[in-house]
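Note sheet for the following structure.
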Amino acid sequence: MIPRPRPAAGVLALGAAAALTLSACGSNSLSGAGSGSSSSSVASATAQAGLADKLPAKIKTAKKIVVGTDASYAPSEFLAGDGKTVQGFDVDLFRAVAQKFGVDVQFVSSNFDSIITGVTTGKYDVGVSSFTINDKRKQQATMVSYYSAGTQWATQKGNPKKVNPDDACGLKVAVQTGTTQSDDDLPVRQAACKKAGKPAIRVQSYTGQDEATAAVGSQKADAMLADSPVTAYAVKQTKGALEPLGKVYDSAPYGYVLPKTENEFATAITEALKSLKSEGTYDKVLSNWGVQGGAIDSFAVNP
């Protein structure tokens with residue numbers, strides 16, 4: 001999965017990574033308006049008749065959807081230069097979804113691995129944070145597919161440590177805690193190292209993806225792995241200080257996270273997404289962030 005800003009490597013990348021890490025120290029209550037590449041005009045949508053009737057009573061009363069997000073995962077969701085405004089393609093797209101219901105959105109910062117619990121306990125109405133849909137998460141919550149991404153590795157330019165993702169035994173590998181890469185991918189690779197009698201991968205687990213990327217840029221880690229759009233964005237932001245490693249693999253859908261009981265709301269979200277797709281807003285949002293390669297044509301509840 002996944003699951004937030006990222007640059008780093010050499011003087012240029014380290015400076016960028018530091019700025020991104022500092023930006024993550026902003027308010028826990030993030031404004032719904034984006035800045036920079038995030039544009040409310042891009043995400044603008046008209047309310048769709050009948051959808052508001054399918055909102056949970058809590059949201060109808062508040063007239064807003066409270067969203068849990070880990071704002072350290074560019075270009076999906078991350079903080080703008082003011083340190084408190086959340087932006088990204090996830091943000092623009094879900095804001096458009098909310099507009100289809102005729103309500104506002106409040107994005108609330110949270111550690112990635114606590115968002116699903118926050119949704120199930122009622123702290124958040126929805127979790128929007130690049131969550132890869134898998135069986136474990138579907139046991140905890142209802143999920144609505146809206147995008148597709150795989151895993152991509154990255155290392156310092158020129159791959160000075162000769163990192164091979166299929167044989168990373170003994171190397172220092174950075175990853176964000178609670179992601180598909182952390183919980184599903186690396187344990188399999190660790191088991192392979194052990195079976196081959198090789199040194200274990202020295203996993204460096206970070207709360208924010210920005211920290212994981214900075215670790216690679218500062219040569220504290222030899223490589224990192226993250227969701228493919230996140231890695232691509234990190235490589236782009238470092239202006240060549242980092243480079244992708246190997247091919248994208250294990251592509252799977254991202255999903256919005258809702259309480260298990262909210263099937264009607266989940267189905268209504270698929271209707272909103274279909275409408276955004278048909279009118280062109282969906283593809284416009286993704287293109288604005290350069291992540292149109294992960295666009296999907298159908299949206300489903302617990303696919």
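For the structure tokens, the naming scheme is as follows: chains receive sequential letters (A, B, ...) according to their order of presentation, residues are indexed from 1 within each chain, and ligands are indexed from 1 in presentation order.
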Q: Find the residues around segment 155-160 of chain A up to 6 Å (only C-alpha atoms counted), leave out those fewer than 2 positions away in its own chain, and share them as a count of residues only.
A: 5
Q | Test item, strand (DSSP E or B) assignment across segment 71-302 of chain A, answer as a VMD selection string | A | chain A and resid 72 to 73 77 to 79 85 to 87 104 to 109 126 to 132 142 to 156 172 to 176 202 to 206 223 to 227 242 to 258 301
Q: as a PyMOL selection string, please: all residues of segment 49-280 of chain A that backbone DSSP puts in helix (DSSP H, G or I).
A: chain A and resi 52-54+57-62+89-101+112-120+135-140+165-167+180-195+209-217+228-237+263-279
Q: Find the spatial neighbours of Gln181 of chain A, counting only C-alpha atoms, within a cut-off of 12 Å - ignore same-chain residues fewer than 3 positions away - and output them as a PyMOL selection string.
A: chain A and resi 1-3+131-132+150-153+173-178+184-189+203+205+209+224-228+249-251
If you keep N, CA, C and O atoms, can you produce a file of those selected residues as a CSV table (one decimal), in the first residue's frame?
```csv
chain,number,residue,atom,x,y,z
A,1,MET,N,0.8,-1.2,0.0
A,1,MET,CA,0.0,0.0,0.0
A,1,MET,C,0.8,1.2,0.0
A,1,MET,O,1.8,1.3,0.5
A,2,ILE,N,-0.2,1.7,1.4
A,2,ILE,CA,0.1,2.7,1.7
A,2,ILE,C,-0.4,3.3,2.2
A,2,ILE,O,-1.1,2.8,2.6
A,3,PRO,N,-2.2,3.5,3.5
A,3,PRO,CA,-1.4,4.1,3.7
A,3,PRO,C,-1.8,5.1,3.3
A,3,PRO,O,-2.3,4.4,3.3
A,131,PHE,N,-5.0,3.6,1.7
A,131,PHE,CA,-5.1,2.3,2.2
A,131,PHE,C,-5.3,1.2,1.1
A,131,PHE,O,-6.3,1.3,0.4
A,132,THR,N,-4.3,0.3,1.0
A,132,THR,CA,-4.5,-0.8,0.1
A,132,THR,C,-5.6,-1.7,0.6
A,132,THR,O,-5.6,-2.0,1.8
A,150,GLY,N,0.8,0.0,-6.9
A,150,GLY,CA,1.6,-1.2,-6.5
A,150,GLY,C,2.8,-0.7,-5.6
A,150,GLY,O,2.7,0.4,-5.0
A,151,THR,N,3.8,-1.6,-5.4
A,151,THR,CA,4.9,-1.2,-4.6
A,151,THR,C,6.1,-0.9,-5.5
A,151,THR,O,6.3,-1.6,-6.5
A,152,GLN,N,6.9,0.1,-5.1
A,152,GLN,CA,8.1,0.5,-5.9
A,152,GLN,C,9.2,0.8,-4.9
A,152,GLN,O,9.0,1.4,-3.9
A,153,TRP,N,10.4,0.2,-5.2
A,153,TRP,CA,11.6,0.5,-4.4
A,153,TRP,C,12.3,1.8,-4.9
A,153,TRP,O,12.1,2.1,-6.1
A,173,VAL,N,16.9,-1.0,5.2
A,173,VAL,CA,15.8,-0.7,4.3
A,173,VAL,C,14.8,0.1,5.1
A,173,VAL,O,14.3,-0.3,6.2
A,174,ALA,N,14.4,1.3,4.6
A,174,ALA,CA,13.4,2.2,5.3
A,174,ALA,C,12.0,1.9,4.8
A,174,ALA,O,11.8,1.7,3.6
A,175,VAL,N,11.1,2.0,5.7
A,175,VAL,CA,9.7,1.8,5.4
A,175,VAL,C,8.8,2.5,6.4
A,175,VAL,O,9.2,2.7,7.5
A,176,GLN,N,7.5,2.8,6.0
A,176,GLN,CA,6.6,3.4,6.9
A,176,GLN,C,5.9,2.3,7.7
A,176,GLN,O,5.4,1.3,7.2
A,177,THR,N,5.8,2.5,9.0
A,177,THR,CA,5.1,1.6,9.9
A,177,THR,C,3.6,1.4,9.5
A,177,THR,O,2.9,2.4,9.2
A,178,GLY,N,3.1,0.2,9.6
A,178,GLY,CA,1.7,-0.1,9.3
A,178,GLY,C,1.3,-0.2,7.9
A,178,GLY,O,0.1,-0.5,7.6
A,184,ASP,N,3.4,-6.8,5.2
A,184,ASP,CA,3.3,-8.0,4.3
A,184,ASP,C,4.5,-8.3,3.4
A,184,ASP,O,4.9,-9.5,3.3
A,185,ASP,N,5.1,-7.3,2.9
A,185,ASP,CA,6.2,-7.4,1.9
A,185,ASP,C,7.5,-7.8,2.6
A,185,ASP,O,8.1,-8.9,2.3
A,186,LEU,N,8.0,-7.0,3.5
A,186,LEU,CA,9.3,-7.2,4.1
A,186,LEU,C,9.4,-8.5,4.9
A,186,LEU,O,10.4,-9.2,4.9
A,187,PRO,N,8.3,-8.9,5.7
A,187,PRO,CA,8.4,-10.2,6.4
A,187,PRO,C,8.7,-11.4,5.5
A,187,PRO,O,9.4,-12.3,5.9
A,188,VAL,N,8.1,-11.4,4.3
A,188,VAL,CA,8.4,-12.5,3.4
A,188,VAL,C,9.8,-12.5,2.9
A,188,VAL,O,10.5,-13.5,2.8
A,189,ARG,N,10.4,-11.3,2.7
A,189,ARG,CA,11.8,-11.2,2.3
A,189,ARG,C,12.7,-11.6,3.4
A,189,ARG,O,13.7,-12.2,3.2
A,203,VAL,N,15.6,-3.5,9.0
A,203,VAL,CA,14.5,-2.7,8.7
A,203,VAL,C,14.5,-1.5,9.6
A,203,VAL,O,14.6,-1.6,10.8
A,205,SER,N,11.9,1.3,10.5
A,205,SER,CA,10.5,1.6,10.5
A,205,SER,C,10.2,3.0,11.0
A,205,SER,O,10.6,3.3,12.1
A,209,GLN,N,6.2,8.5,6.1
A,209,GLN,CA,6.9,8.1,4.9
A,209,GLN,C,8.0,9.2,4.6
A,209,GLN,O,9.0,8.9,4.1
A,224,MET,N,14.5,2.2,0.1
A,224,MET,CA,13.1,2.3,0.7
A,224,MET,C,12.2,1.6,-0.2
A,224,MET,O,12.5,1.4,-1.4
A,225,LEU,N,11.0,1.2,0.3
A,225,LEU,CA,9.9,0.8,-0.5
A,225,LEU,C,8.6,1.4,0.0
A,225,LEU,O,8.4,1.6,1.2
A,226,ALA,N,7.8,1.8,-1.0
A,226,ALA,CA,6.5,2.4,-0.7
A,226,ALA,C,5.6,2.2,-1.8
A,226,ALA,O,5.9,1.6,-2.8
A,227,ASP,N,4.3,2.8,-1.7
A,227,ASP,CA,3.4,2.7,-2.8
A,227,ASP,C,4.0,3.4,-4.1
A,227,ASP,O,4.7,4.4,-3.9
A,228,SER,N,3.7,2.9,-5.2
A,228,SER,CA,4.3,3.4,-6.5
A,228,SER,C,4.2,4.8,-6.7
A,228,SER,O,5.1,5.5,-7.1
A,249,TYR,N,5.3,-3.7,-8.6
A,249,TYR,CA,4.7,-5.0,-8.5
A,249,TYR,C,3.6,-5.0,-7.4
A,249,TYR,O,3.4,-4.1,-6.7
A,250,ASP,N,2.8,-6.1,-7.4
A,250,ASP,CA,1.7,-6.3,-6.5
A,250,ASP,C,0.7,-5.1,-6.5
A,250,ASP,O,0.3,-4.6,-5.5
A,251,SER,N,0.3,-4.7,-7.7
A,251,SER,CA,-0.7,-3.7,-7.8
A,251,SER,C,-2.0,-4.1,-7.2
A,251,SER,O,-2.5,-5.2,-7.3
```
Q: Tell me, as a VMD selection string, which residues lie within 6 Å of segment 60-69 of chain A, counting only C-alpha atoms; anything in the same chain fewer than 5 positions away does not count.
A: chain A and resid 103 to 110 115 124 to 129
Next, dump the selected residues to file, keeping only all heavy atoms, as an mmCIF file, in the first residue's frame.
```cif
data_model
loop_
_atom_site.group_PDB
_atom_site.id
_atom_site.type_symbol
_atom_site.label_atom_id
_atom_site.label_comp_id
_atom_site.auth_asym_id
_atom_site.auth_seq_id
_atom_site.Cartn_x
_atom_site.Cartn_y
_atom_site.Cartn_z
ATOM 1 N N VAL A 103 -21.835 18.218 1.282
ATOM 2 C CA VAL A 103 -21.300 18.491 2.618
ATOM 3 C C VAL A 103 -19.823 18.866 2.528
ATOM 4 O O VAL A 103 -19.165 18.666 1.508
ATOM 5 C CB VAL A 103 -21.470 17.269 3.553
ATOM 6 C CG1 VAL A 103 -22.946 16.978 3.795
ATOM 7 C CG2 VAL A 103 -20.756 16.041 2.985
ATOM 8 N N ASP A 104 -19.299 19.404 3.633
ATOM 9 C CA ASP A 104 -17.893 19.774 3.720
ATOM 10 C C ASP A 104 -17.055 18.599 4.223
ATOM 11 O O ASP A 104 -17.587 17.552 4.601
ATOM 12 C CB ASP A 104 -17.720 20.956 4.673
ATOM 13 C CG ASP A 104 -18.375 22.221 4.145
ATOM 14 O OD1 ASP A 104 -18.397 22.406 2.912
ATOM 15 O OD2 ASP A 104 -18.859 23.018 4.964
ATOM 16 N N VAL A 105 -15.742 18.814 4.242
ATOM 17 C CA VAL A 105 -14.807 17.803 4.750
ATOM 18 C C VAL A 105 -13.853 18.446 5.743
ATOM 19 O O VAL A 105 -13.375 19.555 5.519
ATOM 20 C CB VAL A 105 -13.964 17.172 3.615
ATOM 21 C CG1 VAL A 105 -13.052 16.086 4.170
ATOM 22 C CG2 VAL A 105 -14.846 16.597 2.528
ATOM 23 N N GLN A 106 -13.579 17.756 6.839
ATOM 24 C CA GLN A 106 -12.535 18.170 7.779
ATOM 25 C C GLN A 106 -11.514 17.052 7.854
ATOM 26 O O GLN A 106 -11.824 15.939 8.266
ATOM 27 C CB GLN A 106 -13.101 18.425 9.175
ATOM 28 C CG GLN A 106 -12.024 18.822 10.188
ATOM 29 C CD GLN A 106 -12.544 18.903 11.608
ATOM 30 O OE1 GLN A 106 -13.718 18.627 11.867
ATOM 31 N NE2 GLN A 106 -11.675 19.266 12.535
ATOM 32 N N PHE A 107 -10.284 17.351 7.453
ATOM 33 C CA PHE A 107 -9.206 16.364 7.515
ATOM 34 C C PHE A 107 -8.488 16.488 8.862
ATOM 35 O O PHE A 107 -8.086 17.579 9.250
ATOM 36 C CB PHE A 107 -8.215 16.579 6.375
ATOM 37 C CG PHE A 107 -8.772 16.232 5.030
ATOM 38 C CD1 PHE A 107 -9.405 17.192 4.257
ATOM 39 C CD2 PHE A 107 -8.693 14.940 4.550
ATOM 40 C CE1 PHE A 107 -9.937 16.875 3.023
ATOM 41 C CE2 PHE A 107 -9.218 14.603 3.313
ATOM 42 C CZ PHE A 107 -9.848 15.574 2.542
ATOM 43 N N VAL A 108 -8.334 15.371 9.560
ATOM 44 C CA VAL A 108 -7.710 15.348 10.877
ATOM 45 C C VAL A 108 -6.466 14.469 10.827
ATOM 46 O O VAL A 108 -6.520 13.305 10.429
ATOM 47 C CB VAL A 108 -8.678 14.817 11.953
ATOM 48 C CG1 VAL A 108 -8.013 14.816 13.323
ATOM 49 C CG2 VAL A 108 -9.956 15.659 11.989
ATOM 50 N N SER A 109 -5.335 15.031 11.231
ATOM 51 C CA SER A 109 -4.069 14.316 11.175
ATOM 52 C C SER A 109 -4.004 13.187 12.194
ATOM 53 O O SER A 109 -4.416 13.341 13.346
ATOM 54 C CB SER A 109 -2.910 15.289 11.424
ATOM 55 O OG SER A 109 -1.671 14.621 11.307
ATOM 56 N N SER A 110 -3.469 12.045 11.766
ATOM 57 C CA SER A 110 -3.347 10.889 12.646
ATOM 58 C C SER A 110 -2.214 10.015 12.159
ATOM 59 O O SER A 110 -1.854 10.052 10.979
ATOM 60 C CB SER A 110 -4.653 10.092 12.657
ATOM 61 O OG SER A 110 -4.554 8.936 13.455
ATOM 62 N N ILE A 115 -5.594 4.934 12.126
ATOM 63 C CA ILE A 115 -6.756 5.505 11.443
ATOM 64 C C ILE A 115 -7.931 4.535 11.394
ATOM 65 O O ILE A 115 -9.076 4.913 11.665
ATOM 66 C CB ILE A 115 -6.385 5.980 10.026
ATOM 67 C CG1 ILE A 115 -5.394 7.147 10.108
ATOM 68 C CG2 ILE A 115 -7.644 6.423 9.261
ATOM 69 C CD1 ILE A 115 -4.836 7.578 8.766
ATOM 70 N N TYR A 124 -13.437 9.165 13.563
ATOM 71 C CA TYR A 124 -13.502 9.660 12.192
ATOM 72 C C TYR A 124 -14.689 9.006 11.495
ATOM 73 O O TYR A 124 -15.046 7.862 11.780
ATOM 74 C CB TYR A 124 -12.225 9.321 11.410
ATOM 75 C CG TYR A 124 -10.942 9.629 12.133
ATOM 76 C CD1 TYR A 124 -9.981 8.640 12.339
ATOM 77 C CD2 TYR A 124 -10.665 10.914 12.598
ATOM 78 C CE1 TYR A 124 -8.799 8.915 13.010
ATOM 79 C CE2 TYR A 124 -9.486 11.195 13.263
ATOM 80 C CZ TYR A 124 -8.551 10.187 13.469
ATOM 81 O OH TYR A 124 -7.384 10.464 14.133
ATOM 82 N N ASP A 125 -15.280 9.726 10.552
ATOM 83 C CA ASP A 125 -16.349 9.153 9.742
ATOM 84 C C ASP A 125 -15.788 8.252 8.645
ATOM 85 O O ASP A 125 -16.384 7.233 8.291
ATOM 86 C CB ASP A 125 -17.182 10.265 9.096
ATOM 87 C CG ASP A 125 -17.848 11.169 10.131
ATOM 88 O OD1 ASP A 125 -18.392 10.638 11.121
ATOM 89 O OD2 ASP A 125 -17.801 12.407 9.952
ATOM 90 N N VAL A 126 -14.640 8.668 8.109
ATOM 91 C CA VAL A 126 -14.011 7.963 6.993
ATOM 92 C C VAL A 126 -12.495 8.053 7.157
ATOM 93 O O VAL A 126 -11.978 9.043 7.690
ATOM 94 C CB VAL A 126 -14.412 8.585 5.635
ATOM 95 C CG1 VAL A 126 -13.754 7.850 4.476
ATOM 96 C CG2 VAL A 126 -15.932 8.577 5.455
ATOM 97 N N GLY A 127 -11.785 7.037 6.696
ATOM 98 C CA GLY A 127 -10.330 7.084 6.618
ATOM 99 C C GLY A 127 -9.914 7.232 5.161
ATOM 100 O O GLY A 127 -10.340 6.435 4.310
ATOM 101 N N VAL A 128 -9.139 8.261 4.854
ATOM 102 C CA VAL A 128 -8.646 8.500 3.493
ATOM 103 C C VAL A 128 -7.140 8.671 3.585
ATOM 104 O O VAL A 128 -6.646 9.742 3.937
ATOM 105 C CB VAL A 128 -9.300 9.746 2.853
ATOM 106 C CG1 VAL A 128 -8.760 9.950 1.430
ATOM 107 C CG2 VAL A 128 -10.811 9.622 2.837
ATOM 108 N N SER A 129 -6.408 7.598 3.324
ATOM 109 C CA SER A 129 -4.962 7.671 3.522
ATOM 110 C C SER A 129 -4.229 6.597 2.732
ATOM 111 O O SER A 129 -3.355 5.917 3.249
ATOM 112 C CB SER A 129 -4.639 7.557 5.018
ATOM 113 O OG SER A 129 -3.448 8.229 5.336
#
```
**Q.** Distance criterion (only C-alpha atoms): nearest to Gly290 of chain A out of A:Lys277, A:Lys247, A:Lys194, A:Lys236
**A.**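 Answer, going by the shortest atom-to-atom distance: A:Lys236.
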Q | Straight-line distance linking atom CA of Lys172 of chain A with atom CA of Asp222 of chain A, stated in Å to one decimal | A |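 Going from atom CA of Lys172 of chain A over to atom CA of Asp222 of chain A covers 5.2 Å.
Among the candidates A:Lys136, A:Val86, A:Pro244, A:Pro75, the residue lying nearest to Asp183 of chain A is A:Lys136 (atoms considered: only C-alpha atoms).
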Q: Pick out the closest residue to Gln292 of chain A from this set: A:Thr213, A:Gln219, A:Ser148, A:Thr46. Count only C-alpha atoms.
A: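 With only C-alpha atoms as the atom set, the closest residue is A:Ser148.
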Q.
So, with only C-alpha atoms as the atoms that count, which of A:Ala272, A:Val291, A:Val248, A:Ala232 lies closest to Arg95 of chain A?
A.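 Going through A:Ala272, A:Val291, A:Val248, A:Ala232 one by one, the smallest distance to Arg95 of chain A is for A:Ala272.
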**Q.** Shell of 9 Å around segment 254-270 of chain A, only C-alpha atoms, local chain residues under 2 positions omitted, as number ranges by chain
**A.** A: 1-3, 51-52, 54-56, 97-98, 100-101, 115-116, 119-122, 124-133, 137-149, 252, 272-275, 298-302
Q | Selected residue, from A:Ile59, A:Ala47, A:Leu93, A:Ala196, that lies nearest to Ala295 of chain A when counting only C-alpha atoms | A |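 Closest residue, counting only C-alpha atoms: A:Leu93.
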Q: Quick one: pull the distance between atom CA of Pro165 of chain A and atom CA of Ser76 of chain A, Å, one decimal.
A: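 Between atom CA of Pro165 of chain A and atom CA of Ser76 of chain A the gap is 24.0 Å.
Residues within 9 Å of Leu171 of chain A, counting only C-alpha atoms and excluding same-chain residues fewer than 6 positions away, are Lys161, Val163, Pro199, Ala200, Ile201, Arg202, Val203, Ala221, Asp222 and Ala223 of chain A.
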Q: Tell me, in Å to one decimal, how far atom CA of Asp210 of chain A is from atom CA of Val230 of chain A.
A: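 Separation between atom CA of Asp210 of chain A and atom CA of Val230 of chain A: 9.9 Å.
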